[in-house]
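Step one of this worksheet: look at the structure below.
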Amino acid sequence: MHVVYPAVVAALLFSIGVYGVLARRNTILVLMSVELMLNAVNLNLVAFDVWLRDALHSGQVLTLFVIVIAAAEVGIGLAIVLAVFRTRKAIELDRLRELGEP
Amino acid sequence: MSGVDFWPPSTLEVVFLLLGLVAVGSALLVVTTRQLVHAALWLVVCFGALAGCYLVLTAEFVAWVQVLIYVGAVVVLLLFGIMLTRAPIGRSDDLDSGNRVVAAVVAVATAGVLVSVVVGGFQHAYAELRPGAGSAEELGASIFRNWVLPFEALSVLLLAALIGAIVLSRTDIKGRR
Amino acid sequence: MIASLVVVLPFAGAVLGLLLSRYPHGRSPADNLAANKRAAWFGVVPTALSTALVGWLAWENTPSATTLTTIDTGGIAITVGLEVAELSVLTAMLVGVVALAVQVYSVGYMRGESRYPSFSAFISLFTSAMLLVVFAADLLVLYVGWEIMGLCSYLLVGHWWEEKANSRAAIKAFLVTRLGDVGFLFGIFVLGFAAGSFRIADIMAADIPEPTLILATLLLLAGVAGKSAQVPLHTWLPDAMAGPTPISALIHAATMVAAGIFVVARLYVLFPQPTLDVLGVAAAIGMLGAALAAFAQNDLKRVLAYSTISQLAYMAAALAGGARDAAVFHLVTHGAFKALLFLCAGAVIHHVGSNLLGHMGGLRRSMPVTFVTMTIGYAALVGLPPASGFFSKDAILYGLERSSSPIQLVLYGSALLTVGVTGAYATRAWLMTFFGTGKVQALPEPAPGTAHVFDGREAPLSMLWPMGVLAIPALLLGFTDAGEFHLAPAVTALAVALLGAAFVYVTWRGAPERDPARLLGAFRDPCEQAFYVDRLYAAVFVRPVLALARGVVRTDDDVVDGAVRGAGRATVGLSGLTRHLQNGNAQLYVTGVLAGVLLIAVGAVVLG
């Protein structure tokens with residue numbers, strides 16, 4: 001297996017995730033795009049672990065950790081989204097502009 | 001560096017490329033679809049294809065964890081989020097912000113940079129696939145021999161995330177003034 | 001030592017009058033009255049003491065010089081010192097007597113005026129400055145007094161500044177004399193650096209080359225022309241009539257205008273013939289022109305103002321012709337009778353409530369004292385024996401007759417003609433004020449600046465006293481110098497003056513209600529406008545300067561300020577553009593961050 005194949009797939013997935021984060025209005029869609037980026041990284045970790053034959057299996061172990069952290073992140077992220085929705089009645093990113101100058 | 005040619009590709013490579021194509025295609029649909037629920041479902045397809053990729057790369061345990069946690073838990077959570085925020089179920093035309101064109105430019109540039117760097121850096125790298133290298137036994141031994149401390153730290157992190165989520169989502173807990 | 005007391009006393013009076021008159025502070029009419037009373041004491045007593053001290057100096061009659069202190073400047077040192085000499089004692093006597101008379105007179109004239117304390121304090125300051133000029137032993141000390149006088153004239157002429165015309169007249173007096181003072185200051189510098197000292201005695205003893213001397217004295221002459229209202233810087237004097245009448249008396253008789261003639265007399269040995277010729281030409285033009293202008297004026301005070309210009313030119317002509325003592329003699333007699341005339345005019349104006357000759361007439365019955373004193377003043381002005389002016393004019397004419405000046409003929413002819421015109425305008429003013437039918441009506445409301453309604457009575461005693469006292473020197477001062485009397489010029493002058501007076505009398509007799517100024521015919525309007533000098537100055541100097549000033553203002557407004565404002569506006573505009581980026585949309589921020597990271601990565605790959 002050429003390492004280029006998983007690496008290119010991962011790069012494309014990551015770019016798609018970037019696009020999703022930057023272009024989507026709905027906060028839940030943005031969270032999905034973040035998951036895509038995390039998965040791109042996971043793919044890379046696994047591929048390089050296989051290629052380098054690491055005795056500690058650090059690539060795959062880290063992939064497992066990332067998956068766990070991603071699950072936690074989604075949980076917290078959704079809790080935040082729901083809190084925002086309760087207070088603002090909106091989860092569109094471009095309507096949450098309190099950061100900007102009036 | 002090995003002298004293995006790109007052509008003809010091996011069977012495993014063909015399978016991997018097809019799965020990768022499915023993953024990338026469904027990911028594209030996730031970020032472009034006009035229906036919120038469809039995006040979540042396409043995400044399932046994408047994650048499934050990625051799990052297939054892991055299997056091809058002999059990381060079987062990671063693949064099952066991927067299916068269990070991502071497809072089984074994360075996507076379900078996201079679907080709950082969609083429903084709880086009363087998002088429109090049907091087509092909606094305003095899922096993309098005005099930032100789209102700039103976002104596309106940045107994303108294409110990112111892809112260009114990453115792909116060119118990756119191709120430039122690893123075009124001769126070749127990984128010999130060895131079945132069983134990513135089995136549950138091997139990974140379990142590795143985690144509980146070498147990665148115990150990060151594993152425990154991670155369990156504490158999960159606990160903290162659990163409590164945080166509860167605090168954030170319950171309305172009857174008031175902050176201290 | 002006594003001389004410094006003489007100078008300091010009125011100054012102290014001024015300081016006390018300014019600081020203490022209104023203590024304790026109050027604004028009620030009773031407080032005003034008390035303040036005026038205190039200010040009157042602060043004004044009169046120091047001046048009286050000072051005059052008495054000058055009298056003692058005159059009686060002692062010993063020239064002396066004191067140096068109080070020397071200011072080390074690193075260059076030529078300035079010696080603060082006073083010098084007592086015959087000329088200075090004589091002039092100081094004139095200053096003291098006139099200032100005292102004016103102080104007493106203004107107690108009555110300014111009765112009830114709320115700004116009387118500052119008024120009397122400024123008169124004291126004015127007197128002190130003139131005395132400093134008179135006694136100064138150092139040119140720079142003299143210049144200090146000279147400039148304080150300029151300031152005081154501004155303050156006092158503009159005393160009724162509520163009216164725009166008055167403050168304009170004050171500014172004009174200040175600016176025109178300032179124009180001359182610039183020359184004066186540079187003249188002092190030239191003399192001081194040429195002689196290596198600013199002490200007048202040193203400068204007179206120094207051997208200064210003729211061209212330097214001519215330059216320096218010509219520069220001094222600019223200041224003299226400004227202060228003594230000589231052509232071409234005379235235009236401020238008629239306008240300065242906007243001030244209260246006592247001030248006119250003070251400025252015209254004793255202080256301001258006398259200072260110029262005094263300085264020339266003081267530094268007379270320094271003046272070379274070319275400078276004196278320049279002075280002579282200006283004087284010859286000035287005396288006749290001003291006398292003609294006086295003849296056509298309708299305002300009593302302006303008549304007297306032009307008369308002052310004419311008489312000062314008379315003294316300047318005497319100086320130019322070499323008759324210094326005659327000039328000083330006329331300075332003193334003129335000081336006495338012109339002060340008297342102004343005080344009488346003040347009484348008349350006070351009484352009638354108007355400055356205009358056309359509003360007066362037939363006042364000899366209602367104002368007998370004023371009538372007598374003013375007649376004495378006019379007699380002295382015209383030069384009728386035995387009044388003082390008769391002797392001093394005689395001395396000047398005698399001096400001019402015998403002068404060795406290259407322009408002797410011009411000076412003498414002009415002086416003789418002026419005598420005639422003087423007789424004419426004095427007679428006209430006298431007749432129109434005191435004879436004919438009374439035209440005075442009670443004014444319903446006092447006009448601003450006159451402050452009094454016609455009440456059909458003679459002026460108050462505090463005004464009559466100074467008039468009576470001043471009438472004595474105006475009448476008798478001539479006899480102090482009667483030993484120098486010369487019959488031939490006296491008879492000539494008397495004949496010419498009487499001829500002028502007779503012309504006017506005959507004209508007036510024919511039609512008492514009409515102005516005798518119609519004698520001038522078509523020439524009357526130019527005379528009334530003082531030969532359009534003001535208009536000429538306005539066209540040649542004032543308007544271009546104003547246009548230039550407007551241009552500068554516009555440049556400042558549009559170019560300098562415009563650049564600043566433009567910079568501000570450009571910054572605000574540009575910030576408005578960049579502000580669009582700061583719109584609170586987190587996605588935009590992330591886009592920027594990622595784009596930046598990409599650029600850095602590309603840069604690292606390409607450059608690294």
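Lettering and numbering for the structure tokens are positional, with chains as A, B, ... in the shown order, residues counted from 1 in each chain, and ligands counted from 1 in the shown order.
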Chain A near chain B within 7 Å: what's each residue's closest atom pair and its distance in Å to one decimal, counting only C-alpha atoms, ordered by chain then ascending residue number, as CSV?
```
residue,atom,partner,partner_atom,distance
A:Met1,CA,B:Ala127,CA,5.3
A:His2,CA,B:Tyr126,CA,4.5
A:Val3,CA,B:Tyr126,CA,5.6
A:Val4,CA,B:Gln123,CA,5.9
A:Ala7,CA,B:Val118,CA,6.6
A:Val8,CA,B:Val115,CA,5.8
A:Val9,CA,B:Gly20,CA,6.1
A:Ala11,CA,B:Leu114,CA,5.9
A:Leu12,CA,B:Ala111,CA,5.9
A:Leu13,CA,B:Val24,CA,5.9
A:Ser15,CA,B:Ala107,CA,5.2
A:Ile16,CA,B:Leu28,CA,6.4
A:Val18,CA,B:Ala107,CA,5.8
A:Tyr19,CA,B:Ala107,CA,5.1
A:Gly20,CA,B:Val31,CA,5.1
A:Leu22,CA,B:Ala103,CA,5.2
A:Ala23,CA,B:Arg100,CA,4.7
A:Arg24,CA,B:Asp96,CA,4.6
A:Arg25,CA,B:Ser97,CA,5.2
A:Asn26,CA,B:Leu95,CA,6.2
A:Ile28,CA,B:Ile82,CA,6.9
A:Ala47,CA,B:Leu57,CA,6.8
A:Val50,CA,B:Ala127,CA,6.5
A:Trp51,CA,B:Ala127,CA,4.3
A:Leu56,CA,B:Ser142,CA,6.0
A:His57,CA,B:Ser142,CA,6.7
A:Gln60,CA,B:Val62,CA,6.9
A:Val61,CA,B:Ile143,CA,6.8
A:Leu64,CA,B:Val62,CA,6.6
A:Ala71,CA,B:Val74,CA,6.1
A:Ala72,CA,B:Ala161,CA,5.9
A:Val74,CA,B:Val74,CA,6.8
A:Gly75,CA,B:Ala165,CA,6.4
A:Ile76,CA,B:Ala165,CA,5.1
A:Leu78,CA,B:Gly81,CA,6.2
A:Ala79,CA,B:Ser169,CA,5.3
A:Ile80,CA,B:Leu168,CA,6.5
A:Leu82,CA,B:Thr85,CA,6.7
A:Ala83,CA,B:Ser169,CA,6.2
A:Phe85,CA,B:Thr85,CA,6.5
```
How would the residues just picked look written out with C-alpha atoms as a PDB file, in the first residue's frame?
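This is the output file again-v8.pdb:
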```pdb
ATOM      1  CA  MET A   1       0.000   0.000   0.000  1.00  0.00           C
ATOM      2  CA  HIS A   2       1.467   3.336  -1.022  1.00  0.00           C
ATOM      3  CA  VAL A   3       1.336   5.795   1.855  1.00  0.00           C
ATOM      4  CA  VAL A   4       0.376   8.555  -0.582  1.00  0.00           C
ATOM      5  CA  ALA A   7      -2.388  10.702   2.965  1.00  0.00           C
ATOM      6  CA  VAL A   8      -4.084  12.317  -0.025  1.00  0.00           C
ATOM      7  CA  VAL A   9      -7.504  11.078   1.047  1.00  0.00           C
ATOM      8  CA  ALA A  11      -5.732  15.869   3.045  1.00  0.00           C
ATOM      9  CA  LEU A  12      -8.868  16.093   0.911  1.00  0.00           C
ATOM     10  CA  LEU A  13     -11.110  15.219   3.851  1.00  0.00           C
ATOM     11  CA  SER A  15      -9.889  20.512   3.288  1.00  0.00           C
ATOM     12  CA  ILE A  16     -13.535  19.611   2.990  1.00  0.00           C
ATOM     13  CA  VAL A  18     -12.194  23.410   6.504  1.00  0.00           C
ATOM     14  CA  TYR A  19     -14.706  24.423   3.884  1.00  0.00           C
ATOM     15  CA  GLY A  20     -17.566  23.205   6.037  1.00  0.00           C
ATOM     16  CA  LEU A  22     -15.970  28.316   7.108  1.00  0.00           C
ATOM     17  CA  ALA A  23     -19.060  28.149   4.939  1.00  0.00           C
ATOM     18  CA  ARG A  24     -21.867  26.643   7.018  1.00  0.00           C
ATOM     19  CA  ARG A  25     -24.247  28.774   9.022  1.00  0.00           C
ATOM     20  CA  ASN A  26     -25.767  26.138  11.192  1.00  0.00           C
ATOM     21  CA  ILE A  28     -24.432  21.701  14.165  1.00  0.00           C
ATOM     22  CA  ALA A  47      -1.643   4.983   7.915  1.00  0.00           C
ATOM     23  CA  VAL A  50       1.113   0.918   9.692  1.00  0.00           C
ATOM     24  CA  TRP A  51       3.929   2.275   7.593  1.00  0.00           C
ATOM     25  CA  LEU A  56       4.143   0.941  20.874  1.00  0.00           C
ATOM     26  CA  HIS A  57       1.324   1.274  18.316  1.00  0.00           C
ATOM     27  CA  GLN A  60      -3.540   3.571  16.573  1.00  0.00           C
ATOM     28  CA  VAL A  61      -3.665   4.239  20.307  1.00  0.00           C
ATOM     29  CA  LEU A  64      -8.538   5.733  19.864  1.00  0.00           C
ATOM     30  CA  ALA A  71     -17.023  12.114  21.461  1.00  0.00           C
ATOM     31  CA  ALA A  72     -16.512  14.326  24.504  1.00  0.00           C
ATOM     32  CA  VAL A  74     -19.396  16.651  20.475  1.00  0.00           C
ATOM     33  CA  GLY A  75     -21.150  16.203  23.796  1.00  0.00           C
ATOM     34  CA  ILE A  76     -19.902  19.486  25.192  1.00  0.00           C
ATOM     35  CA  LEU A  78     -23.968  20.199  21.597  1.00  0.00           C
ATOM     36  CA  ALA A  79     -24.580  21.255  25.180  1.00  0.00           C
ATOM     37  CA  ILE A  80     -23.202  24.704  24.327  1.00  0.00           C
ATOM     38  CA  LEU A  82     -28.398  24.010  23.099  1.00  0.00           C
ATOM     39  CA  ALA A  83     -27.603  26.622  25.730  1.00  0.00           C
ATOM     40  CA  PHE A  85     -30.332  28.156  21.362  1.00  0.00           C
TER      41      PHE A  85
END
```
**Asked** Running DSSP on the backbone, which parts of chain B land in helix (DSSP H, G or I), as a PyMOL selection string?
**Response** chain B and resi 11-32+36-56+60-84+100-122+136-146+148-169
**Request:** Specify as a PyMOL selection string all residues of chain A found within 6 Å of chain C, counting only C-alpha atoms.
**Result:** chain A and resi 22+94+97+99-100
**Prompt:** For the atom pair CA of Thr69 in chain C and CA of Val133 in chain C, what is the interatomic distance in Å to one decimal place?
**Reply:**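 One can read the CA of Thr69 in chain C to CA of Val133 in chain C distance as 17.2 Å.
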Within 9 Å of Arg91 in chain B, counting only C-alpha atoms, which residues qualify if same-chain residues fewer than 4 places away don't, as a short mmCIF file (atom, residue, chain, number, x, y, z; two decimals) with N, CA, C and O atoms, in the first residue's frame?
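Saved result, part_20.cif, follows:
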```cif
data_model
loop_
_atom_site.label_atom_id
_atom_site.label_comp_id
_atom_site.auth_asym_id
_atom_site.auth_seq_id
_atom_site.Cartn_x
_atom_site.Cartn_y
_atom_site.Cartn_z
N THR B 33 -24.86 19.69 1.16
CA THR B 33 -26.29 19.38 1.06
C THR B 33 -27.14 20.49 1.66
O THR B 33 -26.70 21.23 2.55
N ARG B 34 -28.37 20.58 1.15
CA ARG B 34 -29.25 21.63 1.62
C ARG B 34 -30.22 21.13 2.69
O ARG B 34 -31.09 21.88 3.11
N GLN B 35 -30.09 19.84 3.02
CA GLN B 35 -30.97 19.34 4.06
C GLN B 35 -30.14 18.90 5.26
O GLN B 35 -29.21 18.11 5.13
N LEU B 36 -30.52 19.44 6.41
CA LEU B 36 -29.73 19.26 7.61
C LEU B 36 -29.62 17.77 8.00
O LEU B 36 -28.52 17.28 8.29
#
```
**Message:** What's the separation between CA of Met360 in chain C and CA of Thr433 in chain C, in Å to one decimal place?
**Reply:**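 These two atoms are separated by 5.2 Å.
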**Length of the CA of Leu43 in chain A to CA of Ala10 in chain A vector [Å]** =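 Separation of CA of Leu43 in chain A and CA of Ala10 in chain A: 6.1 Å.
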**Message:** Residues within 10 Å of Phe371 in chain C, please, as a ChimeraX atom specification. Count only C-alpha atoms; anything in the same chain fewer than 6 positions from it doesn't count.
**Reply:** /C:344,348,363-365,377,430,433-434
